[in-house]
Amino acid sequence: MPSVIFYFQLHQPFRLHPDRDKFLWDEENREVFLKASQRSYLPSLRMFADLIPQHPGFRIALSISGTFLEQAQSYDPEVINALRNLLDVGKKNHQVEFLDETYYHSLTCLFADPHKQEFRDQVALHRESMRRLFGVYPLSFRDTELIFNASTADIVADMGYLAILCEPRQHLRTDHETGAMAPNRIFHAGGSKLIVIPRNRSLSNDIAFRFSDHPLTPEDYAASIARADGEVVLLGYDLEHIGGHIHEDKGIFEFWRGLPAALEQHPEIRVETPCQAAAHYKDAHCPTLAPRSASASSWLDAVRMTFGWLESSTQYDLFKNLEGMEGVARRAGGDLLTRWRTLTASDHIYFLNDRVDAEQILRRYDNPYENSTIRATEILTRKICVLEGSITRFEILKKADKTPILLITPETGRLPSDMGLLAKYISGKSGGQGDVVSALCEGLLDRGIEVHLATLNLKKRFQLESHMTEHQWRELRYKIDPEKIHLISSAIFADNLSAYSGDVLSTAAEFQRQIVNNVIKTVRAKHGGRIIIHSHDWMAGGAITAYAKSADVPVLHTVHNVFTENLPLELMSGINLNRISDHLYYSESYGKTCIDCQATAIKNATLINFVGEHFLREVVEDYFLDRPIVPTSVRDEVKVKYFGNAAQAILNAPASVMYPENCPFLVRKYGLDDSIMKAKRENLVVFQEKTGLDVNPEAILFFWPSRLDPLQKGIELLEAIAQSFVSAHPEAQIAVVGDGIGGDRTHMEIMGRIACASQGRIAYYPFDEALSMLGYAAASDVFGASLYEPCGQIDQVGNLFGATATNRDTGGYHDKITELRLKMDGAPQDEGNGFLFKNYDPGGLWYGLERSLNFHKNPLAVREDQIRRIMREAREKYSLQTMITQYLRIYERLNGGSPL
């Protein structure tokens, strides 16, 4: 009784830009992917998602390259959603299996290194990507184009895989008198229990290659499978043959829609996944492939070797050039290593193949360079040479010769240990800006970038959070080299608990004075005059960015909020204002001539960055003219940058500590593979005990982790409805953890009175990092009521911690919150992560919270599935690596187009 495996490959290479000074051909990659997505990926994946529940005995396996996943996330995230939906519908009956492969669809298995370290690393990268995006740990493997050799099999077995798919070839022999390795048979690899499953090339190509000219009916194909000899018939295709290589009008969709039913007419056929086949044959007596077989097989060419890549001397020479760069690329790390790995993709070598024998070509990813192998050779050779030069320069440059990034910010979150021994004692977070800065530090250091941070020395706060006395703090400061952290110290703000408390004008003036007179010059001098400044918010603007402009220092200014402050010139003594006068944006305030700090920063920045695309458009398109939200000076300068192509938006991403599996403040850490609702209930109970809420593990907790800001965050809307809402909905609780603005305690006192009167239904506490993070883990929904919002981060963190997000439809929340809709309620598919409301009034907030409440009344199993999906999608959407890559592109642009 034969069993059959249907296996589909999804891959798109990153095509290389023909221009000398550009690496990836983004326009071509986007165009090709979107075309394939609309014709093939989305309709075929949705077709299989419909077929699988209708035919419980039908199963498929998919292998998806890392470069495909990257492009799907960037160009058409619906493809990721379609893959997740396919996995979900097949979960109950184990009908869908995802495989592992090399992340870059590379030829690293052919490297001479006997340990195959790069091969292992690229497999590990792919495995991590599958875990992060889909929450799966594949146990079956396929190498690029089903390459197979003995050394690869040994490594794959060592890495814990149960099965490997391959292309059979007559020179791959067994250690029995059974002749050559043949399709439809099961083999063991060497001395391991790794199951080797060869592909049936002829039956596969009947559909993937010959269907257009010689169409088959599903019934004929099922009958051919039934007649096959052997144990397992592995049929492998490129998914793009459905609707892509073979157009819909040829009947390819009708064929696949009819095949499951046709197979059911042959009860002797068992449809399996590779893992299921491996389970059946793990302990069976099977032929063992001879360990001496070192040559490789592949499905790319008629002779099933690796001639598709390594046939010509040009191909072989370029392959050896790439192989020879492994050591220096790995030592260089960061973006240089990523670029080298991108070049290892098999496609770049394959584009150099000029044979026209149709039988060799199965994937048909056409040469994008005018179908010219000469042009493809020129481009790949140039990219290798440029990368070799960049790595060589990286290797020989002294550390001081690197271009450093100086992050200037009045606040920061928890800093990574790579910033030095002082890092763990520094955290001056006032809002989302601090989290973004710490995430930037973490991500840039991981890429090998030289990072310096200038921030306020909030000595009293640092002491309190580190539980240190004044004497202990002084001992610490005098004994630890601050290395990359430049603390701006002054008695003016030493006792302040946040960057914006106390006399904020004097704080800003002192901060700017010391950075202009000392920090920029010190960091720049250590690096041979090279530096890029990345300033954050208004306090890091003003004289700092005007000085940078006068000194020809490139500046990226991130606008976290459009608020500005006007510093009287009399506070700026000690700075040579005459030198920078032409670069200042003057204003009149407090009856004095002042510097408009935010407008000056935007005016002088080489580039500006908003942390949300929608809010940038709101500023440029004159939203909020009826309210004093966006100062005219700021709006005007943003428009100048925007229409001068010097403004863009990069969505914030949380640091790794802002994940529930890493957060040190939780009672029970948890991730995608855990029982999420159980872990959240445990954290909820402890949070209730700490805050005085009624202890009820079934309560629906609405968590407000924002500052109590009546001008932006809408705290007065919450004050208007909080008591009535929990009275109307006994299952609901509300918790608020946040400070007032500056020294204003008005709303802290109001919320305290409301909490006291609620008798355990509402809690209020001033901001405390540990309590706030525990609140995220306890929350059913993380909410706010913002009048406007440049980005906001509470919804991101809430989603990462398994909570829905509710807020007003404005700015960053418009960018990030999508309406939660369920298939069980009639939606086309499960989608969304929260709830939006339009009106900035108590009724609008009530409406949003009530919609969230209705979702959280669903049965536990429904909520568990949806919360897991929301957590998974948040990890994809808010990837720190994506954010860092976007910033690196800006930094390299500011660095004259050169790597840092």
# chains A, B, ... in the order shown; residues from 1 in each chain; ligands from 1
>>> residues_around(residues="A:His115", least_positions_apart="6", cutoff="12 Å", atoms="only C-alpha atoms", output="PyMOL selection string")
chain A and resi 108-109+121+151-152+154-156+158
>>> residues_around(residues="A:Cys791", least_positions_apart="4", cutoff="6 Å", atoms="only C-alpha atoms", output="list of chain:residue names")
A:Val611, A:Gly612, A:Gly812
>>> select_by_dssp(residues="stretch 347-477 of chain A", states="strand (DSSP E or B)", output="PyMOL selection string")
chain A and resi 405-408+451-456
>>> atom_distance(atom1="atom CA of A:Ile197", atom2="atom CA of A:Pro43")
28.6 Å
>>> atom_distance(atom1="atom CA of A:Ile64", atom2="atom CA of A:His11")
6.0 Å
>>> residues_around(residues="A:Leu711", least_positions_apart="5", cutoff="12 Å", atoms="only C-alpha atoms", output="list of chain:residue names")
A:Phe563, A:Arg627, A:Pro628, A:Ile629, A:Val630, A:Glu716, A:Leu717, A:Gly740, A:Ile741, A:His747, A:Ala785, A:Ser786, A:Leu787, A:Tyr788, A:Glu789, A:Tyr840
>>> atom_distance(atom1="atom CA of A:His560", atom2="atom CA of A:Asp768")
22.0 Å
>>> residues_around(residues="A:Ile195", least_positions_apart="5", cutoff="8 Å", atoms="only C-alpha atoms", output="JSON, numbers by chain")
{"A": [162, 163, 164, 186, 187, 188, 189, 278, 281, 282]}
>>> select_by_dssp(residues="stretch 712-895 of chain A", states="helix (DSSP H, G or I)", output="ChimeraX atom specification")
/A:715-728,746-757,769-778,794-800,811-816,823-825,842-856,860-877,880-894
>>> residues_around(residues="stretch 123-138 of chain A", least_positions_apart="2", cutoff="10 Å", atoms="only C-alpha atoms", output="ChimeraX atom specification")
/A:63-67,69-70,73,80-81,83-85,87-88,97-105,117-121,140-141,143,156,159-162,275,671-673,868-869,871-877,879
>>> write_last_selection(atoms="C-alpha atoms", output="short mmCIF file (atom, residue, chain, number, x, y, z; two decimals), in the first residue's frame")
data_model
loop_
_atom_site.label_atom_id
_atom_site.label_comp_id
_atom_site.auth_asym_id
_atom_site.auth_seq_id
_atom_site.Cartn_x
_atom_site.Cartn_y
_atom_site.Cartn_z
CA SER A 63 9.15 24.51 2.84
CA ILE A 64 9.51 28.30 2.88
CA SER A 65 12.86 30.03 2.52
CA GLY A 66 13.83 32.81 4.91
CA THR A 67 14.23 35.26 2.02
CA LEU A 69 9.41 35.17 4.47
CA GLU A 70 11.29 38.48 4.62
CA GLN A 73 6.56 40.51 5.58
CA ILE A 80 2.08 35.36 6.14
CA ASN A 81 -1.51 35.45 7.38
CA LEU A 83 0.28 30.57 5.79
CA ARG A 84 -0.77 30.90 9.41
CA ASN A 85 -4.38 30.24 8.54
CA LEU A 87 -1.39 25.88 9.51
CA ASP A 88 -4.32 26.55 11.85
CA GLU A 97 3.63 20.36 8.05
CA PHE A 98 6.22 23.12 7.66
CA LEU A 99 9.79 22.06 6.91
CA ASP A 100 13.17 23.58 7.71
CA GLU A 101 15.86 24.52 5.18
CA THR A 102 18.71 27.01 4.91
CA TYR A 103 17.44 30.53 5.53
CA TYR A 104 19.05 31.94 2.38
CA HIS A 105 18.25 29.00 0.05
CA GLN A 117 29.27 25.73 10.41
CA GLU A 118 27.67 28.24 8.05
CA PHE A 119 25.21 25.60 6.87
CA ARG A 120 24.29 24.89 10.50
CA ASP A 121 23.91 28.60 11.26
CA SER A 140 11.67 17.45 8.67
CA PHE A 141 14.32 19.01 6.47
CA ASP A 143 18.13 21.36 1.52
CA VAL A 156 20.85 17.06 9.62
CA MET A 159 20.55 18.60 14.50
CA GLY A 160 17.63 16.41 15.52
CA TYR A 161 15.58 16.14 12.34
CA LEU A 162 13.63 12.97 11.69
CA CYS A 275 7.07 13.52 9.85
CA GLY A 671 5.75 32.59 25.36
CA LEU A 672 3.94 31.31 22.30
CA ASP A 673 4.49 27.67 23.22
CA ARG A 868 -1.75 33.36 20.65
CA ARG A 869 -2.34 34.61 17.11
CA MET A 871 1.11 37.58 20.14
CA ARG A 872 2.60 35.81 17.14
CA GLU A 873 1.63 38.56 14.69
CA ALA A 874 2.98 41.24 17.05
CA ARG A 875 6.37 39.52 17.09
CA GLU A 876 6.44 39.68 13.32
CA LYS A 877 5.12 43.23 12.94
CA SER A 879 10.49 43.10 14.88
#
>>> residues_around(residues="stretch 348-350 of chain A", least_positions_apart="5", cutoff="8 Å", atoms="only C-alpha atoms", output="ChimeraX atom specification")
/A:15,308-310,315,318-319,343,376,380
>>> write_last_selection(atoms="C-alpha atoms", output="PDB file, in the first residue's frame")
ATOM      1  CA  ARG A  15      17.694  40.131  -6.538  1.00  0.00           C
ATOM      2  CA  GLY A 308      22.680  23.954 -12.504  1.00  0.00           C
ATOM      3  CA  TRP A 309      25.025  26.029 -10.352  1.00  0.00           C
ATOM      4  CA  LEU A 310      28.532  24.671 -10.784  1.00  0.00           C
ATOM      5  CA  GLN A 315      29.986  29.652 -11.721  1.00  0.00           C
ATOM      6  CA  LEU A 318      32.365  32.781  -8.042  1.00  0.00           C
ATOM      7  CA  PHE A 319      31.069  30.050  -5.757  1.00  0.00           C
ATOM      8  CA  LEU A 343      25.016  36.509  -1.818  1.00  0.00           C
ATOM      9  CA  ALA A 376      24.286  38.533 -14.276  1.00  0.00           C
ATOM     10  CA  LEU A 380      27.375  39.275  -8.982  1.00  0.00           C
TER      11      LEU A 380
END
>>> residues_around(residues="stretch 248-253 of chain A", least_positions_apart="3", cutoff="8 Å", atoms="only C-alpha atoms", output="JSON, numbers by chain")
{"A": [44, 211, 212, 242, 243, 256, 257]}
>>> closest_atom_pairs(of="stretch 776-795 of chain A", to="stretch 699-702 of chain A", cutoff="8 Å", atoms="only C-alpha atoms", output="Markdown table")
| residue | atom | partner | partner_atom | distance |
| --- | --- | --- | --- | --- |
| A:Ala778 | CA | A:Leu701 | CA | 7.2 |
| A:Ala779 | CA | A:Leu701 | CA | 5.1 |
| A:Ser780 | CA | A:Leu701 | CA | 5.2 |
| A:Asp781 | CA | A:Phe702 | CA | 5.0 |
| A:Val782 | CA | A:Phe702 | CA | 5.9 |
| A:Phe783 | CA | A:Phe702 | CA | 6.7 |
>>> write_last_selection(atoms="C-alpha atoms", output="short mmCIF file (atom, residue, chain, number, x, y, z; two decimals), in the first residue's frame")
data_model
loop_
_atom_site.label_atom_id
_atom_site.label_comp_id
_atom_site.auth_asym_id
_atom_site.auth_seq_id
_atom_site.Cartn_x
_atom_site.Cartn_y
_atom_site.Cartn_z
CA ALA A 778 -2.20 40.48 33.85
CA ALA A 779 -4.20 42.54 31.37
CA SER A 780 -6.95 41.33 29.12
CA ASP A 781 -6.85 44.65 27.28
CA VAL A 782 -4.34 47.52 27.30
CA PHE A 783 -6.17 50.74 26.56
#
>>> closest_residue(among="A:His614, A:Asp744, A:Glu831, A:Tyr878", to="A:Asp795", atoms="only C-alpha atoms")
A:Tyr878
>>> closest_atom_pairs(of="stretch 823-897 of chain A", to="stretch 640-652 of chain A", cutoff="12 Å", atoms="only C-alpha atoms", output="Markdown table")
| residue | atom | partner | partner_atom | distance |
| --- | --- | --- | --- | --- |
| A:Lys877 | CA | A:Leu651 | CA | 9.4 |
| A:Tyr878 | CA | A:Asn652 | CA | 7.3 |
| A:Ser879 | CA | A:Asn652 | CA | 9.0 |
| A:Leu880 | CA | A:Asn652 | CA | 8.2 |
| A:Gln881 | CA | A:Asn652 | CA | 11.0 |
| A:Thr882 | CA | A:Leu651 | CA | 9.3 |
| A:Met883 | CA | A:Asn652 | CA | 6.8 |
| A:Ile884 | CA | A:Ile650 | CA | 9.5 |
| A:Thr885 | CA | A:Ile650 | CA | 10.2 |
| A:Gln886 | CA | A:Ile650 | CA | 7.1 |
| A:Tyr887 | CA | A:Ile650 | CA | 7.8 |
| A:Leu888 | CA | A:Ile650 | CA | 11.4 |
| A:Arg889 | CA | A:Ile650 | CA | 11.3 |
| A:Ile890 | CA | A:Gln648 | CA | 9.9 |
| A:Arg893 | CA | A:Ala646 | CA | 11.4 |
| A:Leu894 | CA | A:Ala646 | CA | 11.4 |
>>> closest_residue(among="A:Leu771, A:Ile734, A:Ile405, A:Ala261", to="A:Leu853", atoms="only C-alpha atoms")
A:Ile734
>>> closest_residue(among="A:Leu139, A:Gln12, A:Leu900, A:Ser675", to="A:Ile449", atoms="only C-alpha atoms")
A:Leu900
>>> closest_residue(among="A:Arg635, A:Leu607, A:Ala226, A:Pro114", to="A:Pro267", atoms="only C-alpha atoms")
A:Ala226
>>> closest_residue(among="A:Leu556, A:Val196, A:Val657, A:Ala499", to="A:Asn609", atoms="only C-alpha atoms")
A:Leu556
>>> decode(residues="stretch 740-781 of chain A", atoms="N, CA and C atoms", output="short mmCIF file (atom, residue, chain, number, x, y, z; two decimals), in the first residue's frame")
data_model
loop_
_atom_site.label_atom_id
_atom_site.label_comp_id
_atom_site.auth_asym_id
_atom_site.auth_seq_id
_atom_site.Cartn_x
_atom_site.Cartn_y
_atom_site.Cartn_z
N GLY A 740 1.54 61.72 36.81
CA GLY A 740 1.06 62.93 36.19
C GLY A 740 2.15 63.58 35.36
N ILE A 741 1.85 64.73 34.78
CA ILE A 741 2.80 65.43 33.93
C ILE A 741 3.62 66.39 34.79
N GLY A 742 4.96 66.25 34.70
CA GLY A 742 5.82 67.10 35.51
C GLY A 742 5.51 66.92 36.98
N GLY A 743 5.28 68.00 37.66
CA GLY A 743 4.95 67.93 39.09
C GLY A 743 3.47 68.01 39.36
N ASP A 744 2.65 67.96 38.33
CA ASP A 744 1.20 68.09 38.49
C ASP A 744 0.61 66.79 39.02
N ARG A 745 0.02 66.89 40.22
CA ARG A 745 -0.57 65.71 40.85
C ARG A 745 -2.09 65.68 40.75
N THR A 746 -2.66 66.59 39.97
CA THR A 746 -4.12 66.71 39.91
C THR A 746 -4.79 65.39 39.57
N HIS A 747 -4.39 64.80 38.48
CA HIS A 747 -5.07 63.59 38.04
C HIS A 747 -4.62 62.36 38.81
N MET A 748 -3.45 62.42 39.43
CA MET A 748 -3.07 61.34 40.33
C MET A 748 -4.03 61.28 41.52
N GLU A 749 -4.36 62.45 42.03
CA GLU A 749 -5.27 62.51 43.17
C GLU A 749 -6.69 62.11 42.77
N ILE A 750 -7.13 62.54 41.58
CA ILE A 750 -8.46 62.18 41.11
C ILE A 750 -8.57 60.66 40.95
N MET A 751 -7.57 60.06 40.30
CA MET A 751 -7.62 58.62 40.11
C MET A 751 -7.51 57.88 41.44
N GLY A 752 -6.76 58.43 42.37
CA GLY A 752 -6.67 57.81 43.69
C GLY A 752 -8.02 57.79 44.38
N ARG A 753 -8.78 58.89 44.27
CA ARG A 753 -10.11 58.94 44.89
C ARG A 753 -11.08 57.97 44.21
N ILE A 754 -11.00 57.90 42.88
CA ILE A 754 -11.88 56.97 42.15
C ILE A 754 -11.58 55.54 42.55
N ALA A 755 -10.30 55.20 42.65
CA ALA A 755 -9.91 53.84 43.02
C ALA A 755 -10.39 53.51 44.43
N CYS A 756 -10.24 54.45 45.33
CA CYS A 756 -10.64 54.23 46.72
C CYS A 756 -12.14 53.98 46.82
N ALA A 757 -12.93 54.74 46.04
CA ALA A 757 -14.38 54.61 46.09
C ALA A 757 -14.90 53.35 45.41
N SER A 758 -14.06 52.72 44.59
CA SER A 758 -14.53 51.58 43.79
C SER A 758 -14.61 50.29 44.60
N GLN A 759 -14.00 50.26 45.77
CA GLN A 759 -14.02 49.09 46.64
C GLN A 759 -13.49 47.83 45.93
N GLY A 760 -12.29 47.98 45.35
CA GLY A 760 -11.62 46.82 44.79
C GLY A 760 -11.89 46.57 43.33
N ARG A 761 -12.58 47.46 42.68
CA ARG A 761 -12.87 47.28 41.24
C ARG A 761 -11.93 48.09 40.36
N ILE A 762 -11.34 49.16 40.92
CA ILE A 762 -10.43 50.04 40.19
C ILE A 762 -9.20 50.26 41.05
N ALA A 763 -8.02 50.25 40.42
CA ALA A 763 -6.77 50.47 41.15
C ALA A 763 -5.99 51.58 40.48
N TYR A 764 -5.33 52.40 41.32
CA TYR A 764 -4.39 53.39 40.78
C TYR A 764 -3.09 53.34 41.56
N TYR A 765 -1.96 53.33 40.83
CA TYR A 765 -0.64 53.43 41.43
C TYR A 765 0.24 54.33 40.57
N PRO A 766 1.10 55.12 41.21
CA PRO A 766 2.09 55.88 40.42
C PRO A 766 2.98 54.91 39.64
N PHE A 767 3.68 55.45 38.65
CA PHE A 767 4.49 54.58 37.80
C PHE A 767 5.55 53.85 38.60
N ASP A 768 5.60 52.57 38.38
CA ASP A 768 6.63 51.69 38.91
C ASP A 768 6.88 50.65 37.83
N GLU A 769 8.12 50.53 37.39
CA GLU A 769 8.40 49.67 36.24
C GLU A 769 7.97 48.23 36.47
N ALA A 770 8.30 47.69 37.62
CA ALA A 770 7.97 46.30 37.90
C ALA A 770 6.46 46.09 37.91
N LEU A 771 5.74 47.00 38.55
CA LEU A 771 4.29 46.86 38.62
C LEU A 771 3.65 47.05 37.24
N SER A 772 4.19 47.98 36.47
CA SER A 772 3.64 48.22 35.14
C SER A 772 3.81 47.00 34.24
N MET A 773 4.98 46.38 34.26
CA MET A 773 5.20 45.21 33.41
C MET A 773 4.35 44.03 33.87
N LEU A 774 4.17 43.88 35.17
CA LEU A 774 3.28 42.84 35.67
C LEU A 774 1.85 43.11 35.20
N GLY A 775 1.48 44.41 35.12
CA GLY A 775 0.15 44.77 34.64
C GLY A 775 -0.08 44.33 33.21
N TYR A 776 0.93 44.47 32.36
CA TYR A 776 0.80 44.00 30.97
C TYR A 776 0.51 42.50 30.95
N ALA A 777 1.21 41.74 31.80
CA ALA A 777 1.03 40.29 31.83
C ALA A 777 -0.33 39.91 32.39
N ALA A 778 -0.90 40.77 33.24
CA ALA A 778 -2.20 40.48 33.85
C ALA A 778 -3.36 40.92 32.98
N ALA A 779 -3.12 41.86 32.08
CA ALA A 779 -4.20 42.54 31.37
C ALA A 779 -4.89 41.67 30.35
N SER A 780 -6.20 41.85 30.26
CA SER A 780 -6.95 41.33 29.12
C SER A 780 -6.87 42.30 27.97
N ASP A 781 -6.90 43.60 28.30
CA ASP A 781 -6.85 44.65 27.28
C ASP A 781 -6.01 45.81 27.81
#
